[in-house]
$ cat input.cif   # mmCIF, C-alpha atoms
data_work
loop_
_atom_site.group_PDB
_atom_site.id
_atom_site.type_symbol
_atom_site.label_atom_id
_atom_site.label_comp_id
_atom_site.auth_asym_id
_atom_site.auth_seq_id
_atom_site.Cartn_x
_atom_site.Cartn_y
_atom_site.Cartn_z
ATOM 1 C CA MET A 1 0.000 0.000 0.000
ATOM 2 C CA LYS A 2 2.876 2.349 0.846
ATOM 3 C CA THR A 3 4.296 1.861 -2.664
ATOM 4 C CA LEU A 4 0.954 2.727 -4.235
ATOM 5 C CA ILE A 5 0.621 5.882 -2.104
ATOM 6 C CA ASN A 6 4.180 6.918 -3.003
ATOM 7 C CA PHE A 7 3.417 6.405 -6.703
ATOM 8 C CA TYR A 8 0.250 8.497 -6.394
ATOM 9 C CA TYR A 9 2.199 11.238 -4.602
ATOM 10 C CA LYS A 10 4.812 11.309 -7.372
ATOM 11 C CA LEU A 11 2.039 11.398 -9.981
ATOM 12 C CA LEU A 12 0.484 14.399 -8.225
ATOM 13 C CA ASN A 13 3.854 16.155 -8.278
ATOM 14 C CA TRP A 14 4.230 15.546 -12.011
ATOM 15 C CA LEU A 15 0.667 16.708 -12.650
ATOM 16 C CA MET A 16 1.449 19.864 -10.687
ATOM 17 C CA VAL A 17 4.529 20.510 -12.827
ATOM 18 C CA ALA A 18 2.515 19.869 -16.001
ATOM 19 C CA THR A 19 -0.296 22.167 -14.856
ATOM 20 C CA VAL A 20 2.103 25.014 -14.154
ATOM 21 C CA ALA A 21 3.913 24.453 -17.460
ATOM 22 C CA ILE A 22 0.669 24.390 -19.444
ATOM 23 C CA LEU A 23 -0.600 27.442 -17.530
ATOM 24 C CA LEU A 24 2.322 29.450 -18.882
ATOM 25 C CA VAL A 25 1.009 29.205 -22.451
ATOM 26 C CA PRO A 26 -2.412 30.904 -22.100
ATOM 27 C CA VAL A 27 -1.105 33.452 -19.602
ATOM 28 C CA THR A 28 1.775 34.379 -21.920
ATOM 29 C CA LEU A 29 -0.653 34.699 -24.835
ATOM 30 C CA GLN A 30 -2.871 36.965 -22.739
ATOM 31 C CA VAL A 31 -0.004 39.237 -21.733
ATOM 32 C CA LEU A 32 1.473 39.427 -25.218
ATOM 33 C CA SER A 33 -1.902 40.151 -26.805
ATOM 34 C CA ARG A 34 -2.412 43.109 -24.472
ATOM 35 C CA PHE A 35 0.915 44.776 -25.220
ATOM 36 C CA THR A 36 1.505 43.948 -28.861
ATOM 37 C CA GLU A 37 -0.528 43.487 -31.967
ATOM 38 C CA LEU A 38 1.658 40.598 -33.122
ATOM 39 C CA VAL A 39 -0.404 38.128 -31.114
ATOM 40 C CA PRO A 40 -4.169 38.161 -31.607
ATOM 41 C CA SER A 41 -6.363 38.501 -28.525
ATOM 42 C CA TYR A 42 -7.728 35.064 -27.660
ATOM 43 C CA ILE A 43 -10.772 35.020 -25.410
ATOM 44 C CA TRP A 44 -10.437 31.372 -24.375
ATOM 45 C CA THR A 45 -7.037 31.952 -22.733
ATOM 46 C CA GLU A 46 -8.603 33.606 -19.670
ATOM 47 C CA GLU A 47 -10.994 30.721 -19.119
ATOM 48 C CA LEU A 48 -8.345 28.052 -19.602
ATOM 49 C CA SER A 49 -6.003 29.921 -17.238
ATOM 50 C CA ARG A 50 -8.695 29.996 -14.563
ATOM 51 C CA PHE A 51 -9.400 26.273 -14.872
ATOM 52 C CA LEU A 52 -5.715 25.355 -14.799
ATOM 53 C CA PHE A 53 -5.261 27.590 -11.762
ATOM 54 C CA ILE A 54 -8.080 25.746 -9.950
ATOM 55 C CA TRP A 55 -6.389 22.407 -10.576
ATOM 56 C CA MET A 56 -2.990 23.841 -9.655
ATOM 57 C CA VAL A 57 -4.305 25.008 -6.271
ATOM 58 C CA MET A 58 -6.023 21.693 -5.546
ATOM 59 C CA LEU A 59 -2.975 19.667 -6.574
ATOM 60 C CA GLY A 60 -0.813 21.860 -4.368
ATOM 61 C CA ALA A 61 -3.174 21.306 -1.434
ATOM 62 C CA MET A 62 -3.074 17.538 -1.968
ATOM 63 C CA ILE A 63 0.732 17.528 -2.065
ATOM 64 C CA ALA A 64 0.939 19.761 1.006
ATOM 65 C CA VAL A 65 -1.265 17.406 3.054
ATOM 66 C CA ARG A 66 1.078 14.510 2.246
ATOM 67 C CA GLU A 67 4.119 16.599 3.166
ATOM 68 C CA GLY A 68 2.458 17.746 6.387
ATOM 69 C CA THR A 69 2.693 21.418 5.472
ATOM 70 C CA HIS A 70 -0.960 22.138 4.796
ATOM 71 C CA PHE A 71 -3.157 23.249 7.718
ATOM 72 C CA ASP A 72 -0.019 23.333 9.833
ATOM 73 C CA VAL A 73 0.658 26.145 12.259
ATOM 74 C CA ASP A 74 3.652 25.753 14.515
ATOM 75 C CA VAL A 75 2.674 27.583 17.712
ATOM 76 C CA TRP A 76 3.433 24.884 20.253
ATOM 77 C CA PRO A 77 6.714 24.691 22.134
ATOM 78 C CA GLU A 78 9.042 21.786 21.420
ATOM 79 C CA LEU A 79 7.068 18.651 22.308
ATOM 80 C CA THR A 80 8.070 15.081 22.936
ATOM 81 C CA ALA A 81 7.470 12.622 20.107
ATOM 82 C CA ARG A 82 4.399 11.143 21.806
ATOM 83 C CA ALA A 83 2.874 14.546 22.625
ATOM 84 C CA ALA A 84 3.485 15.700 19.058
ATOM 85 C CA ALA A 85 1.826 12.528 17.746
ATOM 86 C CA ARG A 86 -1.235 13.139 19.952
ATOM 87 C CA LEU A 87 -1.455 16.727 18.748
ATOM 88 C CA HIS A 88 -1.114 15.581 15.132
ATOM 89 C CA ILE A 89 -3.963 13.120 15.565
ATOM 90 C CA VAL A 90 -6.269 15.860 16.875
ATOM 91 C CA SER A 91 -5.236 18.075 13.976
ATOM 92 C CA TYR A 92 -5.817 15.225 11.515
ATOM 93 C CA LEU A 93 -9.342 14.722 12.843
ATOM 94 C CA PHE A 94 -10.216 18.326 12.007
ATOM 95 C CA MET A 95 -8.562 17.985 8.611
ATOM 96 C CA LEU A 96 -10.551 14.785 8.040
ATOM 97 C CA LEU A 97 -13.796 16.659 8.682
ATOM 98 C CA PHE A 98 -12.728 19.284 6.174
ATOM 99 C CA ALA A 99 -11.838 16.560 3.640
ATOM 100 C CA LEU A 100 -15.244 14.912 4.088
ATOM 101 C CA VAL A 101 -16.923 18.255 3.389
ATOM 102 C CA PHE A 102 -14.878 18.540 0.183
ATOM 103 C CA VAL A 103 -15.876 15.023 -0.869
ATOM 104 C CA TYR A 104 -19.586 15.393 -0.127
ATOM 105 C CA TRP A 105 -20.100 18.875 -1.549
ATOM 106 C CA GLY A 106 -17.592 18.212 -4.318
ATOM 107 C CA ILE A 107 -19.725 15.318 -5.553
ATOM 108 C CA GLN A 108 -22.759 17.614 -5.457
ATOM 109 C CA PHE A 109 -20.751 20.180 -7.409
ATOM 110 C CA VAL A 110 -19.859 17.593 -10.091
ATOM 111 C CA ARG A 111 -23.503 16.511 -10.346
ATOM 112 C CA PHE A 112 -24.550 20.146 -10.731
ATOM 113 C CA GLY A 113 -22.148 20.659 -13.637
ATOM 114 C CA TRP A 114 -22.538 17.230 -15.227
ATOM 115 C CA SER A 115 -24.138 18.456 -18.441
ATOM 116 C CA GLN A 116 -22.551 21.922 -18.512
ATOM 117 C CA GLN A 117 -19.809 23.193 -20.780
ATOM 118 C CA SER A 118 -17.604 26.199 -20.270
ATOM 119 C CA GLU A 119 -18.792 29.286 -22.055
ATOM 120 C CA LEU A 120 -15.837 30.106 -24.284
ATOM 121 C CA ALA A 121 -13.649 27.033 -24.699
ATOM 122 C CA GLU A 122 -16.606 24.624 -24.419
ATOM 123 C CA LEU A 123 -14.732 22.390 -21.993
ATOM 124 C CA PRO A 124 -16.832 19.893 -20.013
ATOM 125 C CA MET A 125 -17.328 21.431 -16.573
ATOM 126 C CA PRO A 126 -17.323 18.141 -14.594
ATOM 127 C CA PHE A 127 -13.583 17.868 -15.297
ATOM 128 C CA ILE A 128 -13.067 21.224 -13.611
ATOM 129 C CA PHE A 129 -15.496 20.543 -10.740
ATOM 130 C CA LEU A 130 -13.912 17.130 -10.144
ATOM 131 C CA ALA A 131 -10.969 18.878 -8.471
ATOM 132 C CA TRP A 132 -12.901 19.239 -5.195
ATOM 133 C CA PRO A 133 -13.900 15.617 -4.509
ATOM 134 C CA VAL A 134 -10.539 14.349 -5.798
ATOM 135 C CA ALA A 135 -8.783 16.696 -3.366
ATOM 136 C CA GLY A 136 -10.986 15.501 -0.498
ATOM 137 C CA LEU A 137 -10.413 11.823 -1.271
ATOM 138 C CA THR A 138 -6.694 12.380 -1.628
ATOM 139 C CA TRP A 139 -6.570 14.190 1.719
ATOM 140 C CA ILE A 140 -8.368 11.237 3.318
ATOM 141 C CA LEU A 141 -5.815 8.835 1.815
ATOM 142 C CA PHE A 142 -2.828 10.870 2.963
ATOM 143 C CA LEU A 143 -4.359 11.540 6.385
ATOM 144 C CA GLY A 144 -4.925 7.808 6.803
ATOM 145 C CA GLU A 145 -1.246 7.239 6.130
ATOM 146 C CA ALA A 146 -0.309 9.903 8.710
ATOM 147 C CA PHE A 147 -2.788 8.472 11.273
ATOM 148 C CA VAL A 148 -1.193 5.050 10.973
ATOM 149 C CA ALA A 149 2.313 6.477 11.412
ATOM 150 C CA ASP A 150 1.341 8.427 14.544
ATOM 151 C CA ILE A 151 -0.640 5.542 16.038
ATOM 152 C CA ARG A 152 2.363 3.261 15.514
ATOM 153 C CA LEU A 153 4.516 5.851 17.252
ATOM 154 C CA LEU A 154 2.107 6.049 20.187
ATOM 155 C CA SER A 155 1.875 2.263 20.484
ATOM 156 C CA SER A 156 5.619 1.700 20.403
ATOM 157 C CA LYS A 157 7.241 1.207 23.796
ATOM 158 C CA GLU A 158 10.654 2.597 22.869
ATOM 159 C CA ILE A 159 9.821 6.295 22.593
ATOM 160 C CA LYS A 160 8.560 8.223 25.609
#

$ encode --input "input.cif" --output "structure tokens"
Amino acid sequence: MKTLINFYYKLLNWLMVATVAILLVPVTLQVLSRFTELVPSYIWTEELSRFLFIWMVMLGAMIAVREGTHFDVDVWPELTARAAARLHIVSYLFMLLFALVFVYWGIQFVRFGWSQQSELAELPMPFIFLAWPVAGLTWILFLGEAFVADIRLLSSKEIK
């Protein structure tokens, strides 16, 4: 299972790189079309940029949950390993609630846009709306991995 989660994490990283790289094209076209007449003004570039930005943000949030940097505020003093694990578990429970909200309402969002197309580029909207439930499910997967690691730490007798 760990190998599968690691593969998924690497895939998310590559998708993030691809999203940022692809995002450069419509944004560059937009900027160039505003300041020069060499490039025609394309209307669809704004819409595509917005959709790529949505996916970029969601992919970044998924990656950050795996790395333990999302929803993380370091205000506590230096804690022992067990105390830190307990605090992480409480934090993960709140993150899990947030992830479940993303899954439930994300599915409703996809259903709402099931037969819709974007106005200018005529892209199917469910592919854009799918970012929310995918993010929620991914957070649940990565939180499950973190829960297991902290529970193993708490159940081990070596660390105090």

$ atom_distance --input "input.cif" --atom1 "CA of Val101 (chain A)" --atom2 "CA of Glu46 (chain A)"
28.9 Å

$ closest_residue --input "input.cif" --among "A:Tyr8, A:Trp132, A:Phe112, A:Phe142" --to "Ile54 (chain A)" --atoms "all atoms listed in the file"
A:Trp132

$ resolve_selection --input "input.cif" --expression "the PyMOL selection byres ((chain A and resi 42) around 12)" --output "PyMOL selection string"
chain A and resi 25-34+37+39-41+43-49+120-121

$ atom_distance --input "input.cif" --atom1 "CA of Thr80 (chain A)" --atom2 "CA of Ile140 (chain A)"
25.9 Å

$ closest_residue --input "input.cif" --among "A:Ala131, A:Ala83, A:Leu96, A:Leu11" --to "Ile151 (chain A)" --atoms "all atoms listed in the file"
A:Ala83

$ atom_distance --input "input.cif" --atom1 "CA of Ile107 (chain A)" --atom2 "CA of Glu119 (chain A)"
21.6 Å

$ closest_residue --input "input.cif" --among "A:Ala84, A:Met58, A:Ser155, A:Phe53" --to "Val134 (chain A)" --atoms "only C-alpha atoms"
A:Met58

$ resolve_selection --input "input.cif" --expression "the PyMOL selection byres ((chain A and resi 85-89) around 12)" --output "ChimeraX atom specification"
/A:68-69,71-84,90-96,143-156,159-160

$ write_last_selection --input "input.cif" --atoms "C-alpha atoms" --output "JSON list (two decimals), in the frame of the given file"
[["chain", "number", "residue", "atom", "x", "y", "z"],
["A", 68, "GLY", "CA", 2.46, 17.75, 6.39],
["A", 69, "THR", "CA", 2.69, 21.42, 5.47],
["A", 71, "PHE", "CA", -3.16, 23.25, 7.72],
["A", 72, "ASP", "CA", -0.02, 23.33, 9.83],
["A", 73, "VAL", "CA", 0.66, 26.14, 12.26],
["A", 74, "ASP", "CA", 3.65, 25.75, 14.52],
["A", 75, "VAL", "CA", 2.67, 27.58, 17.71],
["A", 76, "TRP", "CA", 3.43, 24.88, 20.25],
["A", 77, "PRO", "CA", 6.71, 24.69, 22.13],
["A", 78, "GLU", "CA", 9.04, 21.79, 21.42],
["A", 79, "LEU", "CA", 7.07, 18.65, 22.31],
["A", 80, "THR", "CA", 8.07, 15.08, 22.94],
["A", 81, "ALA", "CA", 7.47, 12.62, 20.11],
["A", 82, "ARG", "CA", 4.40, 11.14, 21.81],
["A", 83, "ALA", "CA", 2.87, 14.55, 22.62],
["A", 84, "ALA", "CA", 3.48, 15.70, 19.06],
["A", 90, "VAL", "CA", -6.27, 15.86, 16.88],
["A", 91, "SER", "CA", -5.24, 18.08, 13.98],
["A", 92, "TYR", "CA", -5.82, 15.22, 11.52],
["A", 93, "LEU", "CA", -9.34, 14.72, 12.84],
["A", 94, "PHE", "CA", -10.22, 18.33, 12.01],
["A", 95, "MET", "CA", -8.56, 17.98, 8.61],
["A", 96, "LEU", "CA", -10.55, 14.78, 8.04],
["A", 143, "LEU", "CA", -4.36, 11.54, 6.38],
["A", 144, "GLY", "CA", -4.92, 7.81, 6.80],
["A", 145, "GLU", "CA", -1.25, 7.24, 6.13],
["A", 146, "ALA", "CA", -0.31, 9.90, 8.71],
["A", 147, "PHE", "CA", -2.79, 8.47, 11.27],
["A", 148, "VAL", "CA", -1.19, 5.05, 10.97],
["A", 149, "ALA", "CA", 2.31, 6.48, 11.41],
["A", 150, "ASP", "CA", 1.34, 8.43, 14.54],
["A", 151, "ILE", "CA", -0.64, 5.54, 16.04],
["A", 152, "ARG", "CA", 2.36, 3.26, 15.51],
["A", 153, "LEU", "CA", 4.52, 5.85, 17.25],
["A", 154, "LEU", "CA", 2.11, 6.05, 20.19],
["A", 155, "SER", "CA", 1.88, 2.26, 20.48],
["A", 156, "SER", "CA", 5.62, 1.70, 20.40],
["A", 159, "ILE", "CA", 9.82, 6.30, 22.59],
["A", 160, "LYS", "CA", 8.56, 8.22, 25.61]]

$ axis_aligned_box --input "input.cif" --around "region 134-140 of chain A" --padding-each-side "4 Å" --output "lines of an AutoDock Vina configuration file"
center_x = -8.8
center_y = 14.0
center_z = -1.2
size_x = 12.4
size_y = 13.5
size_z = 17.1

$ resolve_selection --input "input.cif" --expression "the PyMOL selection byres ((chain A and resi 12) around 12)" --output "PDB file with C-alpha atoms, keeping the file's coordinate frame"
ATOM      1  CA  ILE A   5       0.621   5.882  -2.104  1.00  0.00           C
ATOM      2  CA  ASN A   6       4.180   6.918  -3.003  1.00  0.00           C
ATOM      3  CA  PHE A   7       3.417   6.405  -6.703  1.00  0.00           C
ATOM      4  CA  TYR A   8       0.250   8.497  -6.394  1.00  0.00           C
ATOM      5  CA  TYR A   9       2.199  11.238  -4.602  1.00  0.00           C
ATOM      6  CA  LYS A  10       4.812  11.309  -7.372  1.00  0.00           C
ATOM      7  CA  LEU A  11       2.039  11.398  -9.981  1.00  0.00           C
ATOM      8  CA  ASN A  13       3.854  16.155  -8.278  1.00  0.00           C
ATOM      9  CA  TRP A  14       4.230  15.546 -12.011  1.00  0.00           C
ATOM     10  CA  LEU A  15       0.667  16.708 -12.650  1.00  0.00           C
ATOM     11  CA  MET A  16       1.449  19.864 -10.687  1.00  0.00           C
ATOM     12  CA  VAL A  17       4.529  20.510 -12.827  1.00  0.00           C
ATOM     13  CA  ALA A  18       2.515  19.869 -16.001  1.00  0.00           C
ATOM     14  CA  THR A  19      -0.296  22.167 -14.856  1.00  0.00           C
ATOM     15  CA  TRP A  55      -6.389  22.407 -10.576  1.00  0.00           C
ATOM     16  CA  MET A  56      -2.990  23.841  -9.655  1.00  0.00           C
ATOM     17  CA  VAL A  57      -4.305  25.008  -6.271  1.00  0.00           C
ATOM     18  CA  MET A  58      -6.023  21.693  -5.546  1.00  0.00           C
ATOM     19  CA  LEU A  59      -2.975  19.667  -6.574  1.00  0.00           C
ATOM     20  CA  GLY A  60      -0.813  21.860  -4.368  1.00  0.00           C
ATOM     21  CA  ALA A  61      -3.174  21.306  -1.434  1.00  0.00           C
ATOM     22  CA  MET A  62      -3.074  17.538  -1.968  1.00  0.00           C
ATOM     23  CA  ILE A  63       0.732  17.528  -2.065  1.00  0.00           C
ATOM     24  CA  ALA A  64       0.939  19.761   1.006  1.00  0.00           C
ATOM     25  CA  VAL A  65      -1.265  17.406   3.054  1.00  0.00           C
ATOM     26  CA  ARG A  66       1.078  14.510   2.246  1.00  0.00           C
ATOM     27  CA  VAL A 134     -10.539  14.349  -5.798  1.00  0.00           C
ATOM     28  CA  ALA A 135      -8.783  16.696  -3.366  1.00  0.00           C
ATOM     29  CA  THR A 138      -6.694  12.380  -1.628  1.00  0.00           C
TER      30      THR A 138
END

$ closest_residue --input "input.cif" --among "A:Leu123, A:Met1, A:Leu130, A:Leu141" --to "Gln108 (chain A)" --atoms "all atoms listed in the file"
A:Leu130

$ closest_residue --input "input.cif" --among "A:Ile22, A:Phe98, A:Phe51, A:Lys157" --to "Phe129 (chain A)" --atoms "all atoms listed in the file"
A:Phe51

$ closest_residue --input "input.cif" --among "A:Leu52, A:His70, A:Phe35, A:Thr3" --to "Leu23 (chain A)" --atoms "all atoms listed in the file"
A:Leu52

$ residues_around --input "input.cif" --residues "Ser115 (chain A)" --least-positions-apart "5" --cutoff "10 Å" --atoms "only C-alpha atoms" --output "ChimeraX atom specification"
/A:110,124-126
